[in-house]
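Dropping run.pdb in here (PDB, C-alpha atoms):
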MODEL        1
ATOM      1  CA  MET K   1      57.325  10.912  33.063
ATOM      2  CA  THR K   2      56.104  11.507  29.509
ATOM      3  CA  THR K   3      56.134   8.736  26.924
ATOM      4  CA  LYS K   4      55.768   9.667  23.274
ATOM      5  CA  VAL K   5      54.622   6.912  20.924
ATOM      6  CA  GLN K   6      55.968   7.591  17.458
ATOM      7  CA  LEU K   7      54.449   4.591  15.660
ATOM      8  CA  ILE K   8      51.914   1.953  16.485
ATOM      9  CA  SER K   9      52.150  -0.791  13.919
ATOM     10  CA  ASN K  10      49.714  -3.223  15.464
ATOM     11  CA  ILE K  11      47.350  -3.295  18.431
ATOM     12  CA  VAL K  12      46.033  -6.658  19.538
ATOM     13  CA  GLY K  13      43.198  -6.708  22.063
ATOM     14  CA  ASN K  14      40.992  -3.913  23.338
ATOM     15  CA  VAL K  15      41.634  -0.219  23.826
ATOM     16  CA  SER K  16      39.515   1.112  26.671
ATOM     17  CA  GLY K  17      39.080   4.628  27.890
ATOM     18  CA  GLY K  18      40.001   7.587  25.736
ATOM     19  CA  ALA K  19      42.382   7.230  22.816
ATOM     20  CA  SER K  20      43.351   9.562  20.007
ATOM     21  CA  PHE K  21      44.857   8.422  16.732
ATOM     22  CA  THR K  22      46.187  10.439  13.840
ATOM     23  CA  GLY K  23      46.187   8.780  10.462
ATOM     24  CA  ILE K  24      44.279   5.792   9.177
ATOM     25  CA  VAL K  25      42.712   3.388  11.646
ATOM     26  CA  THR K  26      41.565   0.009  10.352
ATOM     27  CA  ALA K  27      39.674  -2.545  12.415
ATOM     28  CA  SER K  28      37.170  -5.356  11.963
ATOM     29  CA  SER K  29      34.730  -3.502  14.236
ATOM     30  CA  PHE K  30      34.440  -0.424  16.414
ATOM     31  CA  VAL K  31      32.632  -0.234  19.747
ATOM     32  CA  GLY K  32      31.854   3.215  21.055
ATOM     33  CA  ASN K  33      32.001   6.617  19.360
ATOM     34  CA  LEU K  34      34.175   7.667  16.445
ATOM     35  CA  THR K  35      34.820  11.402  16.260
ATOM     36  CA  GLY K  36      37.233  13.581  14.409
ATOM     37  CA  THR K  37      37.917  15.319  11.127
ATOM     38  CA  ALA K  38      39.192  13.804   7.912
ATOM     39  CA  SER K  39      42.257  15.940   7.199
ATOM     40  CA  THR K  40      43.514  14.148   4.139
ATOM     41  CA  ALA K  41      41.602  13.631   0.906
ATOM     42  CA  THR K  42      41.849  10.804  -1.610
ATOM     43  CA  ALA K  43      40.922  13.166  -4.406
ATOM     44  CA  SER K  44      40.097  16.813  -4.765
ATOM     45  CA  ALA K  45      37.494  17.813  -2.141
ATOM     46  CA  THR K  46      36.763  14.157  -1.286
ATOM     47  CA  ALA K  47      37.273  13.042   2.310
ATOM     48  CA  TYR K  48      38.013   9.537   3.502
ATOM     49  CA  GLY K  49      34.921   7.397   3.966
ATOM     50  CA  LEU K  50      34.010   4.685   6.452
ATOM     51  CA  THR K  51      34.253   1.207   5.006
ATOM     52  CA  GLY K  52      34.562  -2.238   6.429
ATOM     53  CA  SER K  53      33.099  -5.629   7.088
ATOM     54  CA  PRO K  54      30.838  -6.202   8.957
ATOM     55  CA  ASN K  55      28.699  -3.158   8.199
ATOM     56  CA  ILE K  56      29.254   0.107  10.024
ATOM     57  CA  THR K  57      26.323   1.323  12.138
ATOM     58  CA  VAL K  58      25.983   5.084  12.512
ATOM     59  CA  GLY K  59      23.767   6.247  15.357
ATOM     60  CA  ASN K  60      23.498   9.970  14.593
ATOM     61  CA  ILE K  61      24.648  12.230  11.819
ATOM     62  CA  VAL K  62      24.981  15.842  12.943
ATOM     63  CA  GLY K  63      25.620  18.617  10.475
ATOM     64  CA  THR K  64      24.084  21.458   8.511
ATOM     65  CA  SER K  65      23.294  19.325   5.455
ATOM     66  CA  LEU K  66      23.576  15.827   4.055
ATOM     67  CA  THR K  67      23.738  14.848   0.396
ATOM     68  CA  LEU K  68      23.426  11.267  -0.827
ATOM     69  CA  SER K  69      24.566  10.625  -4.386
ATOM     70  CA  GLY K  70      23.224   7.063  -4.545
ATOM     71  CA  ASN K  71      20.001   5.256  -3.700
ATOM     72  CA  LEU K  72      18.691   5.288  -0.139
ATOM     73  CA  THR K  73      16.797   2.376   1.378
ATOM     74  CA  VAL K  74      15.192   2.804   4.783
ATOM     75  CA  ASN K  75      14.013  -0.292   6.641
ATOM     76  CA  GLY K  76      11.918  -0.151   9.768
ATOM     77  CA  THR K  77       8.374   0.340  10.984
ATOM     78  CA  GLN K  78       8.267   4.135  11.177
ATOM     79  CA  THR K  79       9.908   7.017   9.321
ATOM     80  CA  ILE K  80       9.536  10.517  10.746
ATOM     81  CA  ILE K  81      10.503  13.589   8.727
ATOM     82  CA  ASN K  82      10.630  16.837  10.685
ATOM     83  CA  THR K  83      10.913  19.503   8.026
ATOM     84  CA  THR K  84       9.038  22.631   7.032
ATOM     85  CA  GLU K  85       9.247  21.893   3.300
ATOM     86  CA  LEU K  86       9.273  18.616   1.370
ATOM     87  CA  ASN K  87      10.051  18.560  -2.351
ATOM     88  CA  VAL K  88       9.824  15.338  -4.365
ATOM     89  CA  ALA K  89      11.087  15.217  -7.943
ATOM     90  CA  ASP K  90       9.068  12.100  -8.802
ATOM     91  CA  LYS K  91       5.762  13.143 -10.399
ATOM     92  CA  ASN K  92       4.011   9.909  -9.441
ATOM     93  CA  ILE K  93       4.153   8.902  -5.780
ATOM     94  CA  GLY K  94       3.343   5.299  -4.857
ATOM     95  CA  ILE K  95       1.396   4.426  -1.699
ATOM     96  CA  GLY K  96       1.122   0.952  -0.234
ATOM     97  CA  SER K  97       4.014  -0.349  -2.314
ATOM     98  CA  THR K  98       4.650  -4.053  -1.924
ATOM     99  CA  SER K  99       6.088  -6.878  -4.002
ATOM    100  CA  SER K 100       2.623  -8.420  -4.456
ATOM    101  CA  PRO K 101      -0.013  -5.638  -4.399
ATOM    102  CA  THR K 102      -3.691  -6.564  -4.079
ATOM    103  CA  ASP K 103      -6.927  -4.656  -3.618
ATOM    104  CA  ALA K 104      -7.258  -6.193  -0.166
ATOM    105  CA  LEU K 105      -3.895  -4.714   0.877
ATOM    106  CA  ALA K 106      -4.766  -1.351  -0.719
ATOM    107  CA  ASP K 107      -8.063  -1.084   1.176
ATOM    108  CA  GLY K 108      -8.016   2.096   3.288
ATOM    109  CA  ALA K 109      -4.834   3.465   1.680
ATOM    110  CA  GLY K 110      -4.656   7.222   1.271
ATOM    111  CA  ILE K 111      -3.689  10.464   2.941
ATOM    112  CA  THR K 112      -4.375  11.710   6.468
ATOM    113  CA  ILE K 113      -4.134  15.391   7.388
ATOM    114  CA  TYR K 114      -3.780  15.920  11.125
ATOM    115  CA  GLY K 115      -5.841  18.570  12.875
ATOM    116  CA  SER K 116      -8.338  18.996  15.694
ATOM    117  CA  THR K 117     -10.042  16.153  13.843
ATOM    118  CA  ASN K 118      -8.163  14.225  11.175
ATOM    119  CA  LYS K 119      -9.098  14.740   7.528
ATOM    120  CA  THR K 120      -8.724  11.757   5.227
ATOM    121  CA  LEU K 121      -8.746  10.755   1.566
ATOM    122  CA  THR K 122      -8.808   6.976   1.258
ATOM    123  CA  TRP K 123      -9.577   4.255  -1.278
ATOM    124  CA  GLU K 124     -12.195   1.807  -0.029
ATOM    125  CA  ARG K 125     -12.331  -1.680  -1.463
ATOM    126  CA  ASP K 126     -15.950  -2.392  -0.566
ATOM    127  CA  THR K 127     -17.282   0.400  -2.811
ATOM    128  CA  GLY K 128     -14.354   0.688  -5.237
ATOM    129  CA  CYS K 129     -14.395   4.449  -4.609
ATOM    130  CA  PHE K 130     -12.214   7.165  -3.158
ATOM    131  CA  GLU K 131     -13.862   8.457  -0.015
ATOM    132  CA  TYR K 132     -13.432  11.878   1.590
ATOM    133  CA  SER K 133     -14.035  12.739   5.204
ATOM    134  CA  GLU K 134     -14.696  16.382   4.282
ATOM    135  CA  PRO K 135     -16.742  18.240   1.639
ATOM    136  CA  ASN K 136     -15.107  18.989  -1.706
ATOM    137  CA  LYS K 137     -14.811  22.284  -3.539
ATOM    138  CA  PHE K 138     -13.821  22.387  -7.205
ATOM    139  CA  LYS K 139     -13.296  25.336  -9.534
ATOM    140  CA  GLY K 140     -14.396  23.226 -12.457
ATOM    141  CA  VAL K 141     -15.598  19.699 -13.077
ATOM    142  CA  VAL K 142     -14.978  17.695 -16.244
ATOM    143  CA  GLU K 143     -17.080  14.556 -16.603
ATOM    144  CA  THR K 144     -16.319  11.487 -18.644
ATOM    145  CA  VAL K 145     -19.050  10.879 -21.242
ATOM    146  CA  SER K 146     -19.386   7.233 -22.200
ATOM    147  CA  THR K 147     -21.601   5.287 -24.584
ATOM    148  CA  GLY K 148     -24.021   2.848 -23.030
ATOM    149  CA  THR K 149     -23.729  -0.825 -23.896
ATOM    150  CA  THR K 150     -26.781  -2.401 -25.532
ATOM    151  CA  TYR K 151     -28.104  -5.945 -25.605
ATOM    152  CA  ALA K 152     -30.990  -7.146 -27.756
ATOM    153  CA  LEU K 153     -34.181  -7.703 -25.763
ATOM    154  CA  SER K 154     -37.238  -8.306 -27.973
ATOM    155  CA  ALA K 155     -39.421  -6.579 -30.585
ATOM    156  CA  GLY K 156     -36.627  -4.180 -31.535
ATOM    157  CA  ARG K 157     -36.007  -3.122 -27.932
ATOM    158  CA  VAL K 158     -32.688  -3.249 -26.110
ATOM    159  CA  VAL K 159     -31.211  -3.396 -22.638
ATOM    160  CA  LEU K 160     -29.200  -0.205 -22.078
ATOM    161  CA  GLU K 161     -26.416  -1.064 -19.621
ATOM    162  CA  LEU K 162     -24.582   1.773 -17.869
ATOM    163  CA  ASP K 163     -21.436   0.886 -15.901
ATOM    164  CA  VAL K 164     -21.284   3.416 -13.054
ATOM    165  CA  ARG K 165     -17.560   2.729 -12.556
ATOM    166  CA  ASN K 166     -16.799   4.080 -16.041
ATOM    167  CA  ALA K 167     -18.875   7.266 -16.062
ATOM    168  CA  THR K 168     -22.050   8.931 -14.813
ATOM    169  CA  THR K 169     -22.962  10.595 -18.140
ATOM    170  CA  TYR K 170     -23.815   8.512 -21.210
ATOM    171  CA  THR K 171     -25.103   8.857 -24.739
ATOM    172  CA  HIS K 172     -27.474   6.547 -26.561
ATOM    173  CA  ASN K 173     -28.667   6.828 -30.171
ATOM    174  CA  LEU K 174     -32.153   5.362 -30.473
ATOM    175  CA  THR K 175     -31.500   4.245 -34.039
ATOM    176  CA  ASN K 176     -29.777   1.347 -32.271
ATOM    177  CA  GLY K 177     -33.081   0.331 -30.700
ATOM    178  CA  SER K 178     -35.718   1.586 -28.299
ATOM    179  CA  VAL K 179     -34.850   1.114 -24.633
ATOM    180  CA  GLY K 180     -36.769  -1.621 -22.826
ATOM    181  CA  ILE K 181     -34.615  -1.959 -19.690
ATOM    182  CA  VAL K 182     -32.138   0.502 -18.163
ATOM    183  CA  SER K 183     -29.484  -1.396 -16.235
ATOM    184  CA  PHE K 184     -27.055   0.219 -13.792
ATOM    185  CA  LYS K 185     -23.962  -1.925 -13.272
ATOM    186  CA  ASN K 186     -21.415  -1.690 -10.435
ATOM    187  CA  MET K 187     -23.546   0.631  -8.346
ATOM    188  CA  PRO K 188     -21.566   1.363  -5.129
ATOM    189  CA  ALA K 189     -23.300  -0.534  -2.325
ATOM    190  CA  ASP K 190     -21.595   0.096   1.000
ATOM    191  CA  THR K 191     -23.698  -2.111   3.279
ATOM    192  CA  GLY K 192     -25.157  -0.145   6.158
ATOM    193  CA  VAL K 193     -24.401   3.257   4.597
ATOM    194  CA  SER K 194     -27.017   5.188   2.625
ATOM    195  CA  ASN K 195     -25.638   6.695  -0.587
ATOM    196  CA  GLY K 196     -26.765   7.764  -4.025
ATOM    197  CA  THR K 197     -25.506   8.301  -7.557
ATOM    198  CA  THR K 198     -26.885  10.480 -10.357
ATOM    199  CA  ILE K 199     -26.576   9.074 -13.867
ATOM    200  CA  THR K 200     -27.594  11.097 -16.935
ATOM    201  CA  VAL K 201     -28.270   9.712 -20.400
ATOM    202  CA  ILE K 202     -28.423  11.901 -23.510
ATOM    203  CA  PHE K 203     -30.876  10.167 -25.858
ATOM    204  CA  THR K 204     -30.912  11.028 -29.572
ATOM    205  CA  GLN K 205     -34.282  10.233 -31.158
ATOM    206  CA  ASN K 206     -34.397   8.064 -34.280
ATOM    207  CA  SER K 207     -35.203   9.416 -37.770
ATOM    208  CA  ALA K 208     -38.870   8.460 -37.455
ATOM    209  CA  GLY K 209     -39.403   9.970 -33.997
ATOM    210  CA  THR K 210     -40.924   6.771 -32.652
ATOM    211  CA  ALA K 211     -38.577   5.417 -29.947
ATOM    212  CA  ASN K 212     -39.838   5.461 -26.340
ATOM    213  CA  THR K 213     -42.513   8.069 -27.114
ATOM    214  CA  THR K 214     -45.579   6.570 -25.408
ATOM    215  CA  ALA K 215     -46.353   5.865 -21.768
ATOM    216  CA  ALA K 216     -46.405   2.133 -22.463
ATOM    217  CA  THR K 217     -42.959   2.238 -24.058
ATOM    218  CA  GLY K 218     -41.509   5.068 -21.985
ATOM    219  CA  ILE K 219     -38.356   4.902 -19.898
ATOM    220  CA  GLY K 220     -38.570   4.057 -16.219
ATOM    221  CA  THR K 221     -40.826   1.010 -16.193
ATOM    222  CA  ASN K 222     -38.035  -1.547 -16.069
ATOM    223  CA  ILE K 223     -34.864  -0.804 -14.104
ATOM    224  CA  THR K 224     -32.088  -3.205 -13.129
ATOM    225  CA  VAL K 225     -29.496  -2.352 -10.479
ATOM    226  CA  ILE K 226     -26.385  -4.496 -10.094
ATOM    227  CA  GLY K 227     -24.474  -3.554  -6.970
ATOM    228  CA  PHE K 228     -20.736  -3.475  -6.334
ATOM    229  CA  GLU K 229     -19.266  -4.370  -2.968
ATOM    230  CA  ASP K 230     -15.931  -5.598  -1.625
ATOM    231  CA  GLY K 231     -14.297  -5.784  -5.026
ATOM    232  CA  SER K 232     -16.970  -7.891  -6.706
ATOM    233  CA  THR K 233     -20.338  -7.531  -8.409
ATOM    234  CA  VAL K 234     -23.346  -8.652  -6.395
ATOM    235  CA  ALA K 235     -26.603 -10.084  -7.687
ATOM    236  CA  GLY K 236     -28.817  -7.617  -9.524
ATOM    237  CA  ILE K 237     -32.357  -6.554  -8.631
ATOM    238  CA  SER K 238     -35.259  -5.421 -10.788
ATOM    239  CA  THR K 239     -37.457  -2.475  -9.889
ATOM    240  CA  ARG K 240     -39.536   0.358 -11.317
ATOM    241  CA  ALA K 241     -38.405   3.952 -11.292
ATOM    242  CA  LEU K 242     -40.268   6.635  -9.355
ATOM    243  CA  VAL K 243     -41.567   8.955 -12.069
ATOM    244  CA  GLY K 244     -43.810  12.019 -11.952
ATOM    245  CA  SER K 245     -47.539  11.109 -11.957
ATOM    246  CA  ALA K 246     -46.603   7.418 -11.617
ATOM    247  CA  THR K 247     -46.116   7.034 -15.361
ATOM    248  CA  THR K 248     -42.960   6.831 -17.487
ATOM    249  CA  VAL K 249     -40.543   9.258 -19.123
ATOM    250  CA  THR K 250     -41.466   9.693 -22.768
ATOM    251  CA  LEU K 251     -39.053  11.115 -25.308
ATOM    252  CA  SER K 252     -39.536  13.751 -27.997
ATOM    253  CA  THR K 253     -41.433  12.689 -31.125
ATOM    254  CA  THR K 254     -39.291  14.923 -33.341
ATOM    255  CA  ALA K 255     -36.612  13.128 -35.328
ATOM    256  CA  SER K 256     -33.059  13.553 -34.025
ATOM    257  CA  ASP K 257     -34.176  15.550 -30.976
ATOM    258  CA  ARG K 258     -32.084  15.076 -27.867
ATOM    259  CA  ASP K 259     -33.474  14.400 -24.410
ATOM    260  CA  PHE K 260     -31.576  14.508 -21.141
ATOM    261  CA  VAL K 261     -32.901  11.802 -18.810
ATOM    262  CA  SER K 262     -31.468  11.739 -15.307
ATOM    263  CA  PHE K 263     -31.660   8.841 -12.880
ATOM    264  CA  PHE K 264     -30.908   9.158  -9.185
ATOM    265  CA  VAL K 265     -30.160   5.712  -7.789
ATOM    266  CA  HIS K 266     -30.587   5.792  -4.017
ATOM    267  CA  TYR K 267     -29.179   2.859  -2.074
ATOM    268  CA  THR K 268     -30.682   2.885   1.392
ATOM    269  CA  GLY K 269     -27.890   0.916   3.060
ATOM    270  CA  GLY K 270     -29.935  -2.246   3.557
ATOM    271  CA  THR K 271     -29.305  -5.652   2.050
ATOM    272  CA  ASN K 272     -27.709  -4.900  -1.292
ATOM    273  CA  THR K 273     -29.471  -7.741  -3.095
ATOM    274  CA  THR K 274     -32.989  -6.708  -2.030
ATOM    275  CA  ALA K 275     -35.111  -4.587  -4.360
ATOM    276  CA  SER K 276     -36.484  -2.495  -1.485
ATOM    277  CA  SER K 277     -32.931  -1.281  -0.741
ATOM    278  CA  TYR K 278     -32.874   0.685  -4.000
ATOM    279  CA  GLN K 279     -35.034   3.588  -5.078
ATOM    280  CA  VAL K 280     -34.595   5.037  -8.571
ATOM    281  CA  TYR K 281     -35.935   8.494  -9.442
ATOM    282  CA  THR K 282     -36.253   9.502 -13.100
ATOM    283  CA  THR K 283     -36.797  12.908 -14.693
ATOM    284  CA  LYS K 284     -36.385  14.454 -18.146
ATOM    285  CA  ASN K 285     -35.408  17.733 -19.729
ATOM    286  CA  GLY K 286     -35.852  17.324 -23.452
ATOM    287  CA  GLY K 287     -36.785  18.374 -26.935
ATOM    288  CA  PHE K 288     -33.343  19.870 -27.591
ATOM    289  CA  ARG K 289     -32.430  20.806 -31.194
ATOM    290  CA  GLN K 290     -30.419  23.452 -32.992
ATOM    291  CA  GLY K 291     -31.927  26.911 -32.447
ATOM    292  CA  THR K 292     -33.129  29.024 -35.404
ATOM    293  CA  VAL K 293     -34.718  32.028 -33.779
ATOM    294  CA  GLY K 294     -32.580  35.164 -33.711
ATOM    295  CA  VAL K 295     -29.948  33.847 -36.131
TER     296      VAL K 295
ENDMDL
END

This entry written out as structure tokens:
Amino acid sequence: MTTKVQLISNIVGNVSGGASFTGIVTASSFVGNLTGTASTATASATAYGLTGSPNITVGNIVGTSLTLSGNLTVNGTQTIINTTELNVADKNIGIGSTSSPTDALADGAGITIYGSTNKTLTWERDTGCFEYSEPNKFKGVVETVSTGTTYALSAGRVVLELDVRNATTYTHNLTNGSVGIVSFKNMPADTGVSNGTTITVIFTQNSAGTANTTAATGIGTNITVIGFEDGSTVAGISTRALVGSATTVTLSTTASDRDFVSFFVHYTGGTNTTASSYQVYTTKNGGFRQGTVGV
């Protein structure tokens, strides 16, 4: 016997087993799988959607493509994207996004490239630096050139302070005072790890050619290193630079000459507030002025 149901106006209770409906089905919730094809559109080329309260949970979406016209929020502990190409229109990608970002939360954030051994680029809070697990190769390097900060010392001499977090190349005009102390501020000091930083200062001699020109007043006698670790500045130390022939770096006696003085600050990885943990090497290439020969 075959029974044909022409109209079902209301179903109260549960429908178990297989059931097929043509038309619009409305319910407070669905348990099981919903399959089929929307054959009627509400507008041109727009199929019926799934709406209701409580929310509708979709286990799998199978198809050749999916386009979302609104915002997409994904909650969970892991998001896996299996694709051969990923294009992002946003030109600035945020990492470690949170409602209350801090340096402590950002510590170790970065990028991991998977391979036989993983390759990483991460930001480390203890040194305030980006750290690479692999060597770097650059076609060109552009350095920030900053002006050293000066503080009056005595007898017309100044403390020349160089903040390593701002730059590693500096300029200093000696008309602002002869240098009595060279101070390196925020030197990365990753406890237990030996590292070093090269800082270069371009000195311009004064109009009299008298600044830092003798061994007694040369550069390298008095060095201060103020370390940086774990997001804060640590107590500074005082030392003497290692200079050729155990003397000092003296500058050109010709007015307005320029001298390049390079300092290599080696942190040995010991206690970052102990003078013996730092070794400073100083060298000079100087007497630069406009050339006249062959013009």

Write out as a list in words each polymer residue whose atoms come within 9 Å of Thr254 in chain K, counting all atoms listed in the file; drop sequence neighbours fewer than 3 positions from it.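 Skipping anything fewer than 3 positions along the chain leaves Gln205, Asn206, Ser207, Ala208, Gly209, Thr210, Leu251, Asp257 and Gly287 of chain K.
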
Output file for the residues above (C-alpha atoms, as a PDB file, in the frame of the given file):
ATOM      1  CA  GLN K 205     -34.282  10.233 -31.158  1.00  0.00           C
ATOM      2  CA  ASN K 206     -34.397   8.064 -34.280  1.00  0.00           C
ATOM      3  CA  SER K 207     -35.203   9.416 -37.770  1.00  0.00           C
ATOM      4  CA  ALA K 208     -38.870   8.460 -37.455  1.00  0.00           C
ATOM      5  CA  GLY K 209     -39.403   9.970 -33.997  1.00  0.00           C
ATOM      6  CA  THR K 210     -40.924   6.771 -32.652  1.00  0.00           C
ATOM      7  CA  LEU K 251     -39.053  11.115 -25.308  1.00  0.00           C
ATOM      8  CA  ASP K 257     -34.176  15.550 -30.976  1.00  0.00           C
ATOM      9  CA  GLY K 287     -36.785  18.374 -26.935  1.00  0.00           C
TER      10      GLY K 287
END

Excluding range 158-162 of chain K and any residue of its chain fewer than 3 positions from it, enumerate the residues within 8 Å of it, using all atoms listed in the file, and give them as a compact mmCIF listing (two decimals) with C-alpha atoms, in the frame of the given file.
# COMPACT_ATOMS: atom_id res chain seq x y z
CA GLY K 148 -24.02 2.85 -23.03
CA THR K 149 -23.73 -0.82 -23.90
CA THR K 150 -26.78 -2.40 -25.53
CA TYR K 151 -28.10 -5.94 -25.60
CA ALA K 152 -30.99 -7.15 -27.76
CA LEU K 153 -34.18 -7.70 -25.76
CA SER K 154 -37.24 -8.31 -27.97
CA TYR K 170 -23.82 8.51 -21.21
CA GLY K 177 -33.08 0.33 -30.70
CA SER K 178 -35.72 1.59 -28.30
CA VAL K 179 -34.85 1.11 -24.63
CA GLY K 180 -36.77 -1.62 -22.83
CA ILE K 181 -34.62 -1.96 -19.69
CA VAL K 182 -32.14 0.50 -18.16
CA SER K 183 -29.48 -1.40 -16.24
CA PHE K 184 -27.06 0.22 -13.79
CA LYS K 185 -23.96 -1.92 -13.27

The PyMOL selection byres ((chain K and resi 203) around 9) - which residues does that actually catch in the file I just gave you? List them as a list in words. Tyr170, Thr171, His172, Asn173, Leu174, Val201, Ile202, Thr204, Gln205, Leu251, Asp257, Arg258, Asp259, Phe260 and Val261 of chain K

For this file, the PyMOL selection byres ((chain K and resi 216) around 12) selects which residues, as a PyMOL selection string? chain K and resi 179-180+211-215+217-222+247-251

Go ahead and compute the interatomic distance for CA of Thr197 in chain K and CA of Arg165 in chain K, in Å to one decimal. 10.9 Å

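Counting from CA of Met187 in chain K, the distance to CA of Ala104 in chain K is 19.5 Å.
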
Measuring atom to atom with only C-alpha atoms, identify which of K:Gly70, K:Pro101, K:Gly227, K:Pro135 is nearest to Gly196 in chain K. K:Gly227

Write out as a list in words the residues lying within 10 Å of Ile226 in chain K, counting all atoms listed in the file and excluding same-chain residues fewer than 5 positions away.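 Listed by chain and then number, they are Asp163, Val164, Ser183, Phe184, Lys185, Asn186, Met187, Pro188, Ala189, Thr233, Val234, Ala235, Gly236, Ile237, Ser238, Asn272 and Thr273 of chain K.
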
Excluding range 274-280 of chain K and residues on its chain fewer than 5 positions from it, collect all residues at most 8 Å away from it, counting only C-alpha atoms, and give them as number ranges by chain. K: 225, 237-242, 263-269

Counting only C-alpha atoms, closest pick from K:Thr283, K:Thr253, K:Thr224, K:Ser232 relative to Gly128 in chain K is K:Ser232

Take the PyMOL selection byres ((chain K and resi 124) around 12), apply it to the structure above, and return the hits as a tab-separated table (two decimals) with C-alpha atoms, keeping the file's coordinate frame.
chain	number	residue	atom	x	y	z
K	103	ASP	CA	-6.93	-4.66	-3.62
K	104	ALA	CA	-7.26	-6.19	-0.17
K	105	LEU	CA	-3.90	-4.71	0.88
K	106	ALA	CA	-4.77	-1.35	-0.72
K	107	ASP	CA	-8.06	-1.08	1.18
K	108	GLY	CA	-8.02	2.10	3.29
K	109	ALA	CA	-4.83	3.46	1.68
K	110	GLY	CA	-4.66	7.22	1.27
K	120	THR	CA	-8.72	11.76	5.23
K	121	LEU	CA	-8.75	10.76	1.57
K	122	THR	CA	-8.81	6.98	1.26
K	123	TRP	CA	-9.58	4.26	-1.28
K	125	ARG	CA	-12.33	-1.68	-1.46
K	126	ASP	CA	-15.95	-2.39	-0.57
K	127	THR	CA	-17.28	0.40	-2.81
K	128	GLY	CA	-14.35	0.69	-5.24
K	129	CYS	CA	-14.40	4.45	-4.61
K	130	PHE	CA	-12.21	7.16	-3.16
K	131	GLU	CA	-13.86	8.46	-0.02
K	132	TYR	CA	-13.43	11.88	1.59
K	188	PRO	CA	-21.57	1.36	-5.13
K	189	ALA	CA	-23.30	-0.53	-2.33
K	190	ASP	CA	-21.60	0.10	1.00
K	228	PHE	CA	-20.74	-3.48	-6.33
K	229	GLU	CA	-19.27	-4.37	-2.97
K	230	ASP	CA	-15.93	-5.60	-1.62
K	231	GLY	CA	-14.30	-5.78	-5.03

For Thr191 in chain K, which residue among K:Asp90, K:Val293, K:Thr175, K:Gly270 is the nearest when counting only C-alpha atoms?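 Looking only at the distances to Thr191 in chain K, the closest residue turns out to be K:Gly270.
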
Report, in Å to a single decimal, how far apart CA of Thr200 in chain K and CA of Ser245 in chain K are.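 Result for CA of Ser245 in chain K versus CA of Thr200 in chain K: 20.6 Å, one decimal.
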
Taking all atoms listed in the file into account, which of K:Asn75, K:Asn60, K:Thr147, K:Ser133 comes nearest Asn176 in chain K?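 Result for the nearest residue to Asn176 in chain K: K:Thr147.
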